[in-house]
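Source file: structure_36.pdb (PDB, C-alpha atoms, pLDDT in the B column)
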ATOM      1  CA  MET A  26     131.050  91.222  10.998  1.00 46.00           C
ATOM      2  CA  GLY A  27     130.018  88.889   8.183  1.00 50.00           C
ATOM      3  CA  LEU A  28     132.563  86.955   6.174  1.00 50.00           C
ATOM      4  CA  LYS A  29     132.236  86.063   2.545  1.00 51.00           C
ATOM      5  CA  ASN A  30     134.315  83.626   0.521  1.00 52.00           C
ATOM      6  CA  ILE A  31     135.370  85.937  -2.292  1.00 55.00           C
ATOM      7  CA  TRP A  32     138.017  83.612  -3.630  1.00 58.00           C
ATOM      8  CA  SER A  33     138.307  79.880  -3.958  1.00 65.00           C
ATOM      9  CA  LEU A  34     139.695  77.369  -6.409  1.00 72.00           C
ATOM     10  CA  ASN A  35     137.347  75.293  -8.452  1.00 86.00           C
ATOM     11  CA  ILE A  36     137.955  71.686  -9.376  1.00 91.00           C
ATOM     12  CA  ASP A  37     138.535  72.393 -13.081  1.00 94.00           C
ATOM     13  CA  GLU A  38     141.326  74.846 -12.265  1.00 93.00           C
ATOM     14  CA  LEU A  39     142.931  72.224 -10.030  1.00 93.00           C
ATOM     15  CA  LEU A  40     142.646  69.556 -12.738  1.00 95.00           C
ATOM     16  CA  VAL A  41     144.349  71.854 -15.260  1.00 96.00           C
ATOM     17  CA  THR A  42     147.075  72.774 -12.778  1.00 95.00           C
ATOM     18  CA  ASP A  43     147.742  69.102 -12.085  1.00 94.00           C
ATOM     19  CA  LYS A  44     148.021  68.363 -15.829  1.00 95.00           C
ATOM     20  CA  LEU A  45     150.312  71.349 -16.379  1.00 95.00           C
ATOM     21  CA  LYS A  46     152.601  70.132 -13.598  1.00 92.00           C
ATOM     22  CA  GLN A  47     152.657  66.640 -15.149  1.00 93.00           C
ATOM     23  CA  LYS A  48     153.185  67.745 -18.755  1.00 92.00           C
ATOM     24  CA  LEU A  49     155.620  70.642 -18.414  1.00 90.00           C
ATOM     25  CA  ASP A  50     159.188  70.711 -17.121  1.00 85.00           C
ATOM     26  CA  LYS A  51     158.936  71.466 -13.394  1.00 82.00           C
ATOM     27  CA  LYS A  52     162.298  73.250 -13.433  1.00 88.00           C
ATOM     28  CA  GLU A  53     161.178  75.559 -16.214  1.00 93.00           C
ATOM     29  CA  TYR A  54     157.519  76.341 -15.425  1.00 94.00           C
ATOM     30  CA  GLU A  55     155.362  77.269 -12.461  1.00 95.00           C
ATOM     31  CA  VAL A  56     151.611  77.791 -12.222  1.00 94.00           C
ATOM     32  CA  PHE A  57     150.158  80.651 -10.184  1.00 92.00           C
ATOM     33  CA  PHE A  58     146.606  81.343  -9.031  1.00 88.00           C
ATOM     34  CA  PRO A  59     145.649  85.039  -8.977  1.00 84.00           C
ATOM     35  CA  LEU A  60     144.566  85.937  -5.450  1.00 77.00           C
ATOM     36  CA  ASN A  61     142.974  89.245  -6.398  1.00 70.00           C
ATOM     37  CA  SER A  62     139.228  88.699  -6.726  1.00 65.00           C
ATOM     38  CA  GLN A  63     139.081  91.815  -8.887  1.00 66.00           C
ATOM     39  CA  LEU A  64     141.305  90.190 -11.528  1.00 72.00           C
ATOM     40  CA  LYS A  65     138.549  88.989 -13.824  1.00 81.00           C
ATOM     41  CA  ASP A  66     138.903  86.433 -16.622  1.00 86.00           C
ATOM     42  CA  ILE A  67     142.294  85.038 -15.559  1.00 90.00           C
ATOM     43  CA  ASP A  68     142.168  81.760 -13.654  1.00 91.00           C
ATOM     44  CA  LEU A  69     145.803  80.663 -13.933  1.00 94.00           C
ATOM     45  CA  VAL A  70     149.136  82.176 -14.864  1.00 94.00           C
ATOM     46  CA  LEU A  71     151.748  79.896 -16.410  1.00 96.00           C
ATOM     47  CA  PHE A  72     155.174  81.364 -15.770  1.00 96.00           C
ATOM     48  CA  ASN A  73     158.373  80.366 -17.583  1.00 95.00           C
ATOM     49  CA  LEU A  74     161.119  80.573 -14.948  1.00 95.00           C
ATOM     50  CA  LYS A  75     163.922  80.667 -17.533  1.00 94.00           C
ATOM     51  CA  ASN A  76     162.760  83.488 -19.797  1.00 95.00           C
ATOM     52  CA  CYS A  77     160.422  85.198 -17.276  1.00 95.00           C
ATOM     53  CA  LYS A  78     157.480  85.194 -19.697  1.00 96.00           C
ATOM     54  CA  SER A  79     153.957  84.352 -18.662  1.00 96.00           C
ATOM     55  CA  LYS A  80     150.768  83.069 -20.291  1.00 96.00           C
ATOM     56  CA  THR A  81     147.346  83.794 -18.863  1.00 95.00           C
ATOM     57  CA  ILE A  82     144.729  81.069 -18.911  1.00 96.00           C
ATOM     58  CA  GLN A  83     140.975  80.984 -18.482  1.00 95.00           C
ATOM     59  CA  VAL A  84     139.608  77.568 -17.505  1.00 95.00           C
ATOM     60  CA  LYS A  85     136.090  76.439 -18.377  1.00 95.00           C
ATOM     61  CA  GLY A  86     134.600  73.146 -17.240  1.00 94.00           C
ATOM     62  CA  SER A  87     131.959  71.299 -19.185  1.00 93.00           C
ATOM     63  CA  ARG A  88     128.732  69.660 -18.250  1.00 89.00           C
ATOM     64  CA  THR A  89     128.269  66.043 -19.148  1.00 82.00           C
ATOM     65  CA  TYR A  90     125.329  64.461 -20.885  1.00 79.00           C
ATOM     66  CA  THR A  91     124.590  61.158 -22.530  1.00 79.00           C
ATOM     67  CA  PRO A  92     124.648  61.453 -26.322  1.00 82.00           C
ATOM     68  CA  SER A  93     121.368  60.872 -28.097  1.00 83.00           C
ATOM     69  CA  LYS A  94     120.882  57.835 -30.306  1.00 86.00           C
ATOM     70  CA  SER A  95     120.952  60.043 -33.408  1.00 86.00           C
ATOM     71  CA  GLU A  96     124.238  61.666 -32.290  1.00 85.00           C
ATOM     72  CA  ARG A  97     125.801  58.220 -31.769  1.00 84.00           C
ATOM     73  CA  GLU A  98     124.603  57.112 -35.215  1.00 88.00           C
ATOM     74  CA  LYS A  99     125.885  60.289 -36.845  1.00 87.00           C
ATOM     75  CA  PHE A 100     129.252  60.633 -35.059  1.00 88.00           C
ATOM     76  CA  GLY A 101     130.096  57.031 -34.094  1.00 87.00           C
ATOM     77  CA  GLU A 102     132.448  56.273 -31.216  1.00 84.00           C
ATOM     78  CA  GLY A 103     132.700  58.819 -28.463  1.00 86.00           C
ATOM     79  CA  SER A 104     130.813  60.954 -26.033  1.00 87.00           C
ATOM     80  CA  SER A 105     129.748  64.550 -25.632  1.00 88.00           C
ATOM     81  CA  ALA A 106     130.253  67.567 -23.410  1.00 91.00           C
ATOM     82  CA  TRP A 107     128.523  70.931 -23.265  1.00 91.00           C
ATOM     83  CA  ILE A 108     129.846  74.385 -22.380  1.00 93.00           C
ATOM     84  CA  SER A 109     128.057  77.732 -22.473  1.00 91.00           C
ATOM     85  CA  MET A 110     129.840  81.084 -22.397  1.00 90.00           C
ATOM     86  CA  GLN A 111     128.874  84.720 -22.461  1.00 88.00           C
ATOM     87  CA  LYS A 112     130.021  86.665 -25.529  1.00 88.00           C
ATOM     88  CA  LYS A 113     131.837  89.191 -23.317  1.00 86.00           C
ATOM     89  CA  SER A 114     133.897  86.355 -21.761  1.00 88.00           C
ATOM     90  CA  ILE A 115     135.479  85.870 -25.166  1.00 90.00           C
ATOM     91  CA  PHE A 116     135.572  89.264 -26.873  1.00 89.00           C
ATOM     92  CA  ASN A 117     135.413  91.831 -24.069  1.00 85.00           C
ATOM     93  CA  THR A 118     137.574  90.441 -21.309  1.00 83.00           C
ATOM     94  CA  GLN A 119     138.719  92.834 -18.630  1.00 78.00           C
ATOM     95  CA  ASN A 120     142.221  91.377 -18.714  1.00 85.00           C
ATOM     96  CA  LYS A 121     144.334  89.829 -21.472  1.00 89.00           C
ATOM     97  CA  ILE A 122     143.795  86.085 -21.904  1.00 93.00           C
ATOM     98  CA  ASP A 123     146.298  84.030 -23.893  1.00 96.00           C
ATOM     99  CA  PHE A 124     144.586  80.627 -23.742  1.00 97.00           C
ATOM    100  CA  PHE A 125     141.288  78.998 -22.977  1.00 97.00           C
ATOM    101  CA  ILE A 126     141.544  75.513 -21.531  1.00 97.00           C
ATOM    102  CA  PHE A 127     138.299  73.575 -21.633  1.00 97.00           C
ATOM    103  CA  VAL A 128     137.977  70.672 -19.229  1.00 97.00           C
ATOM    104  CA  LEU A 129     135.721  68.165 -20.966  1.00 94.00           C
ATOM    105  CA  HIS A 130     133.956  65.765 -18.638  1.00 90.00           C
ATOM    106  CA  SER A 131     132.346  62.942 -20.591  1.00 83.00           C
ATOM    107  CA  PHE A 132     131.211  59.388 -20.011  1.00 73.00           C
ATOM    108  CA  GLU A 133     133.435  56.663 -21.367  1.00 70.00           C
ATOM    109  CA  ASP A 134     131.851  55.488 -24.631  1.00 62.00           C
ATOM    110  CA  GLY A 135     128.872  57.775 -23.896  1.00 53.00           C
ATOM    111  CA  ASP A 136     127.592  55.275 -21.315  1.00 58.00           C
ATOM    112  CA  LEU A 137     126.247  56.645 -18.006  1.00 58.00           C
ATOM    113  CA  LYS A 138     127.170  53.380 -16.310  1.00 64.00           C
ATOM    114  CA  LYS A 139     130.839  53.729 -17.184  1.00 68.00           C
ATOM    115  CA  GLN A 140     133.370  56.052 -15.612  1.00 77.00           C
ATOM    116  CA  ILE A 141     133.830  59.711 -16.434  1.00 81.00           C
ATOM    117  CA  LYS A 142     136.729  60.573 -18.708  1.00 86.00           C
ATOM    118  CA  ILE A 143     138.457  63.939 -18.645  1.00 92.00           C
ATOM    119  CA  ASN A 144     139.956  65.510 -21.750  1.00 94.00           C
ATOM    120  CA  TYR A 145     141.250  69.001 -22.372  1.00 96.00           C
ATOM    121  CA  LEU A 146     141.056  71.453 -25.248  1.00 97.00           C
ATOM    122  CA  ILE A 147     143.975  73.896 -25.135  1.00 97.00           C
ATOM    123  CA  ILE A 148     143.060  76.750 -27.490  1.00 97.00           C
ATOM    124  CA  PRO A 149     144.944  80.043 -28.044  1.00 97.00           C
ATOM    125  CA  ILE A 150     142.576  83.019 -27.800  1.00 95.00           C
ATOM    126  CA  LYS A 151     143.158  84.029 -31.435  1.00 95.00           C
ATOM    127  CA  ASP A 152     142.120  80.563 -32.639  1.00 96.00           C
ATOM    128  CA  PHE A 153     139.148  80.482 -30.288  1.00 95.00           C
ATOM    129  CA  LYS A 154     137.795  83.770 -31.636  1.00 93.00           C
ATOM    130  CA  LYS A 155     137.919  82.280 -35.166  1.00 92.00           C
ATOM    131  CA  ILE A 156     136.069  79.187 -33.951  1.00 91.00           C
ATOM    132  CA  VAL A 157     133.391  81.317 -32.287  1.00 89.00           C
ATOM    133  CA  SER A 158     132.898  83.338 -35.486  1.00 84.00           C
ATOM    134  CA  LYS A 159     131.473  80.147 -37.051  1.00 79.00           C
ATOM    135  CA  LYS A 160     128.810  79.853 -34.375  1.00 80.00           C
ATOM    136  CA  VAL A 161     125.368  81.339 -33.832  1.00 73.00           C
ATOM    137  CA  ILE A 162     124.896  83.331 -30.655  1.00 71.00           C
ATOM    138  CA  ARG A 163     121.911  82.371 -28.549  1.00 68.00           C
ATOM    139  CA  LYS A 164     119.532  84.397 -26.401  1.00 68.00           C
ATOM    140  CA  GLY A 165     121.216  86.457 -23.726  1.00 73.00           C
ATOM    141  CA  GLU A 166     124.485  86.865 -25.630  1.00 82.00           C
ATOM    142  CA  LYS A 167     125.509  83.261 -24.938  1.00 87.00           C
ATOM    143  CA  TYR A 168     127.344  80.730 -27.044  1.00 88.00           C
ATOM    144  CA  HIS A 169     126.661  77.042 -26.534  1.00 88.00           C
ATOM    145  CA  PHE A 170     129.344  74.532 -27.450  1.00 90.00           C
ATOM    146  CA  PHE A 171     128.438  70.866 -27.910  1.00 90.00           C
ATOM    147  CA  ILE A 172     131.707  69.011 -28.201  1.00 93.00           C
ATOM    148  CA  TRP A 173     132.112  65.439 -29.372  1.00 92.00           C
ATOM    149  CA  ILE A 174     135.128  63.581 -27.992  1.00 92.00           C
ATOM    150  CA  ASP A 175     136.357  60.279 -29.389  1.00 88.00           C
ATOM    151  CA  ASP A 176     139.268  59.047 -27.258  1.00 80.00           C
ATOM    152  CA  LYS A 177     139.953  56.003 -29.410  1.00 80.00           C
ATOM    153  CA  GLY A 178     140.061  57.985 -32.654  1.00 79.00           C
ATOM    154  CA  LYS A 179     141.723  60.990 -30.975  1.00 89.00           C
ATOM    155  CA  ARG A 180     139.204  63.372 -32.477  1.00 92.00           C
ATOM    156  CA  ALA A 181     137.135  66.242 -31.160  1.00 94.00           C
ATOM    157  CA  PHE A 182     134.754  68.634 -32.842  1.00 94.00           C
ATOM    158  CA  GLU A 183     131.986  71.111 -32.093  1.00 92.00           C
ATOM    159  CA  PHE A 184     128.687  70.115 -33.697  1.00 88.00           C
ATOM    160  CA  ASN A 185     126.171  72.838 -32.841  1.00 76.00           C
ATOM    161  CA  ASN A 186     126.790  75.674 -35.288  1.00 63.00           C
ATOM    162  CA  LYS A 187     125.758  77.426 -38.479  1.00 59.00           C
ATOM    163  CA  GLY A 188     124.651  75.128 -41.284  1.00 57.00           C
ATOM    164  CA  SER A 189     125.130  71.978 -39.185  1.00 66.00           C
ATOM    165  CA  GLN A 190     128.805  71.859 -40.148  1.00 76.00           C
ATOM    166  CA  VAL A 191     131.152  70.466 -37.533  1.00 87.00           C
ATOM    167  CA  ILE A 192     134.077  72.599 -36.358  1.00 91.00           C
ATOM    168  CA  PRO A 193     137.227  70.463 -36.051  1.00 94.00           C
ATOM    169  CA  LEU A 194     138.986  70.707 -32.683  1.00 96.00           C
ATOM    170  CA  SER A 195     141.214  67.608 -32.747  1.00 96.00           C
ATOM    171  CA  LYS A 196     144.435  69.609 -33.006  1.00 97.00           C
ATOM    172  CA  TYR A 197     143.639  71.140 -29.589  1.00 97.00           C
ATOM    173  CA  LEU A 198     142.640  67.888 -27.890  1.00 96.00           C
ATOM    174  CA  ASN A 199     145.035  67.196 -25.001  1.00 95.00           C
ATOM    175  CA  ASN A 200     147.706  69.164 -26.885  1.00 95.00           C
ATOM    176  CA  TRP A 201     149.730  70.685 -24.048  1.00 94.00           C
ATOM    177  CA  ASN A 202     152.441  71.681 -26.534  1.00 91.00           C
ATOM    178  CA  LYS A 203     150.174  74.589 -27.602  1.00 90.00           C
ATOM    179  CA  LEU A 204     151.232  76.364 -24.416  1.00 89.00           C
TER     180      LEU A 204
END

Mind turning this structure into structure tokens?
Amino acid sequence: MGLKNIWSLNIDELLVTDKLKQKLDKKEYEVFFPLNSQLKDIDLVLFNLKNCKSKTIQVKGSRTYTPSKSEREKFGEGSSAWISMQKKSIFNTQNKIDFFIFVLHSFEDGDLKKQIKINYLIIPIKDFKKIVSKKVIRKGEKYHFFIWIDDKGKRAFEFNNKGSQVIPLSKYLNNWNKL
């Protein structure tokens, strides 16, 4: 009989869980991992122990790349991360998602020789759908998000969209109160 690993945690889910445990009251909240491999789209469940309400979370990790010279000139301090997502992962989920949490891996000051920094975008699904409506879909029903993160200035924005306008994301940057 062959065995297949049909369920395992990924590092981004563990990073988010660790942050949730640090940021939220441990007596009031608990984080659960769905064990059912058929439960699509939900990576974590945040459960309020006092009022018995839950929030479902989908976690997406970014890829890291060194910003181009022109990006550094245009955007100044900071670094960049990239995430791609299928349209159906946003608009046609099999289960109800309350929040997307994006784990943004970027190089400190955009320098490959420096350490990797981790930031988080905590975005309610309703807000995320509005953000996506400002973007152009690419081949294969995929959206590509190029996110600029400036730790020093506490700013974040998406810069690959219609009309070359940036989409502000700073209010979601490391904002665990959104949950």

Can you pull out every residue within 12 Å of Ile150 of chain A, counting all atoms listed in the file, but drop anything in the same chain fewer than 3 positions away, and send it as a PDB file with C-alpha atoms, in the frame of the given file?
ATOM      1  CA  LYS A  80     150.768  83.069 -20.291  1.00 96.00           C
ATOM      2  CA  THR A  81     147.346  83.794 -18.863  1.00 95.00           C
ATOM      3  CA  ILE A  82     144.729  81.069 -18.911  1.00 96.00           C
ATOM      4  CA  GLN A  83     140.975  80.984 -18.482  1.00 95.00           C
ATOM      5  CA  SER A 114     133.897  86.355 -21.761  1.00 88.00           C
ATOM      6  CA  ILE A 115     135.479  85.870 -25.166  1.00 90.00           C
ATOM      7  CA  PHE A 116     135.572  89.264 -26.873  1.00 89.00           C
ATOM      8  CA  ASN A 117     135.413  91.831 -24.069  1.00 85.00           C
ATOM      9  CA  THR A 118     137.574  90.441 -21.309  1.00 83.00           C
ATOM     10  CA  LYS A 121     144.334  89.829 -21.472  1.00 89.00           C
ATOM     11  CA  ILE A 122     143.795  86.085 -21.904  1.00 93.00           C
ATOM     12  CA  ASP A 123     146.298  84.030 -23.893  1.00 96.00           C
ATOM     13  CA  PHE A 124     144.586  80.627 -23.742  1.00 97.00           C
ATOM     14  CA  PHE A 125     141.288  78.998 -22.977  1.00 97.00           C
ATOM     15  CA  ILE A 126     141.544  75.513 -21.531  1.00 97.00           C
ATOM     16  CA  LEU A 146     141.056  71.453 -25.248  1.00 97.00           C
ATOM     17  CA  ILE A 147     143.975  73.896 -25.135  1.00 97.00           C
ATOM     18  CA  PHE A 153     139.148  80.482 -30.288  1.00 95.00           C
ATOM     19  CA  LYS A 154     137.795  83.770 -31.636  1.00 93.00           C
ATOM     20  CA  LYS A 155     137.919  82.280 -35.166  1.00 92.00           C
ATOM     21  CA  ILE A 156     136.069  79.187 -33.951  1.00 91.00           C
ATOM     22  CA  VAL A 157     133.391  81.317 -32.287  1.00 89.00           C
ATOM     23  CA  LYS A 203     150.174  74.589 -27.602  1.00 90.00           C
ATOM     24  CA  LEU A 204     151.232  76.364 -24.416  1.00 89.00           C
TER      25      LEU A 204
END

- [ ] Can you pull out every residue within 12 Å of Leu49 of chain A, counting all atoms listed in the file, but drop anything in the same chain fewer than 2 positions away, and send it as a PyMOL selection string?
- [x] chain A and resi 41-47+51-56+71-74+200-204

Restricted to C-alpha atoms, what would the selected residues look like written as a JSON list (two decimals), keeping the file's coordinate frame?
[["chain", "number", "residue", "atom", "x", "y", "z"],
["A", 41, "VAL", "CA", 144.35, 71.85, -15.26],
["A", 42, "THR", "CA", 147.07, 72.77, -12.78],
["A", 43, "ASP", "CA", 147.74, 69.10, -12.08],
["A", 44, "LYS", "CA", 148.02, 68.36, -15.83],
["A", 45, "LEU", "CA", 150.31, 71.35, -16.38],
["A", 46, "LYS", "CA", 152.60, 70.13, -13.60],
["A", 47, "GLN", "CA", 152.66, 66.64, -15.15],
["A", 51, "LYS", "CA", 158.94, 71.47, -13.39],
["A", 52, "LYS", "CA", 162.30, 73.25, -13.43],
["A", 53, "GLU", "CA", 161.18, 75.56, -16.21],
["A", 54, "TYR", "CA", 157.52, 76.34, -15.42],
["A", 55, "GLU", "CA", 155.36, 77.27, -12.46],
["A", 56, "VAL", "CA", 151.61, 77.79, -12.22],
["A", 71, "LEU", "CA", 151.75, 79.90, -16.41],
["A", 72, "PHE", "CA", 155.17, 81.36, -15.77],
["A", 73, "ASN", "CA", 158.37, 80.37, -17.58],
["A", 74, "LEU", "CA", 161.12, 80.57, -14.95],
["A", 200, "ASN", "CA", 147.71, 69.16, -26.88],
["A", 201, "TRP", "CA", 149.73, 70.68, -24.05],
["A", 202, "ASN", "CA", 152.44, 71.68, -26.53],
["A", 203, "LYS", "CA", 150.17, 74.59, -27.60],
["A", 204, "LEU", "CA", 151.23, 76.36, -24.42]]

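Using all atoms listed in the file for every distance, the candidate list A:Ile172, A:Ile67, A:Leu129, A:Ile148 yields A:Ile148 as the residue closest to Lys196 of chain A.
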
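The gap separating atom CA of Gln190 of chain A from atom CA of Gly165 of chain A is 23.2 Å, in Å to one decimal.
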
Task: Which of A:Lys94, A:Lys113, A:Lys167, A:Lys78 sits closest to Asp66 of chain A [using all atoms listed in the file] - done: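 For Asp66 of chain A, the nearest of the given residues is A:Lys113.
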
- [ ] Could you tell me which of A:Gln119, A:Ile174, A:Gln140, A:Phe58 comes closest to Ser105 of chain A if we count all atoms listed in the file?
- [x]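 That would be A:Ile174, the residue with the smallest distance to Ser105 of chain A.
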
- [ ] To one decimal in Å, tell me the separation between atom CA of Tyr90 of chain A and atom CA of Pro193 of chain A.
- [x] 20.2 Å

Task: Atomic distance atom CA of His169 of chain A - atom CA of Phe57 of chain A, expressed in Å with one decimal - done: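 According to the coordinates, atom CA of His169 of chain A and atom CA of Phe57 of chain A are separated by 28.9 Å.
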
On this structure, which residues satisfy the PyMOL selection byres ((chain A and resi 89) around 8), written as a compact mmCIF listing (two decimals) with C-alpha atoms, keeping the file's coordinate frame?
# COMPACT_ATOMS: atom_id res chain seq x y z
CA SER A 87 131.96 71.30 -19.18
CA ARG A 88 128.73 69.66 -18.25
CA TYR A 90 125.33 64.46 -20.88
CA THR A 91 124.59 61.16 -22.53
CA SER A 105 129.75 64.55 -25.63
CA ALA A 106 130.25 67.57 -23.41
CA TRP A 107 128.52 70.93 -23.26
CA LEU A 129 135.72 68.17 -20.97
CA HIS A 130 133.96 65.76 -18.64
CA SER A 131 132.35 62.94 -20.59
CA PHE A 132 131.21 59.39 -20.01

Task: Residue nearest Gly101 of chain A - candidates A:Ile192, A:Asn185, A:Asp175, A:Gly86, atoms counted: all atoms listed in the file - done: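 Using all atoms listed in the file, Gly101 of chain A sits closest to A:Asp175.
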
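Of the listed residues (A:Lys159, A:Leu34, A:Trp173, A:Leu40), A:Trp173 comes nearest to Ile108 of chain A; the distances count only C-alpha atoms.
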
Open item on the list: Can you pull out the residues contacting Glu166 of chain A? Cut-off 10 Å, using all atoms listed in the file, and skip same-chain residues under 4 positions away; I want them as a PyMOL selection string.
Closed with: chain A and resi 110-113+161-162

- [ ] Please return, as a list in words, all polymer residues that have at least one atom within 10 Å of the point (137.9, 61.6, -31.8); use all atoms listed in the file and the file's own coordinate frame.
- [x] Phe100, Gly101, Glu102, Gly103, Ser104, Trp173, Ile174, Asp175, Asp176, Lys177, Gly178, Lys179, Arg180, Ala181, Phe182, Pro193, Leu194, Ser195 and Leu198 of chain A

- [ ] Considering only C-alpha atoms, state which residue in the set A:Ser79, A:Lys99, A:Tyr145, A:Glu38 is at the smallest distance from Val191 of chain A.
- [x]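 The closest residue to Val191 of chain A is A:Lys99.
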
Kindly compute an axis-aligned box around the listed atoms of segment 69-80 of chain A, allowing 6 Å on each side, and express its centre and edge lengths in Å to one decimal as JSON.
{"center_x": 154.9, "center_y": 82.5, "center_z": -17.1, "size_x": 30.1, "size_y": 17.3, "size_z": 18.4}
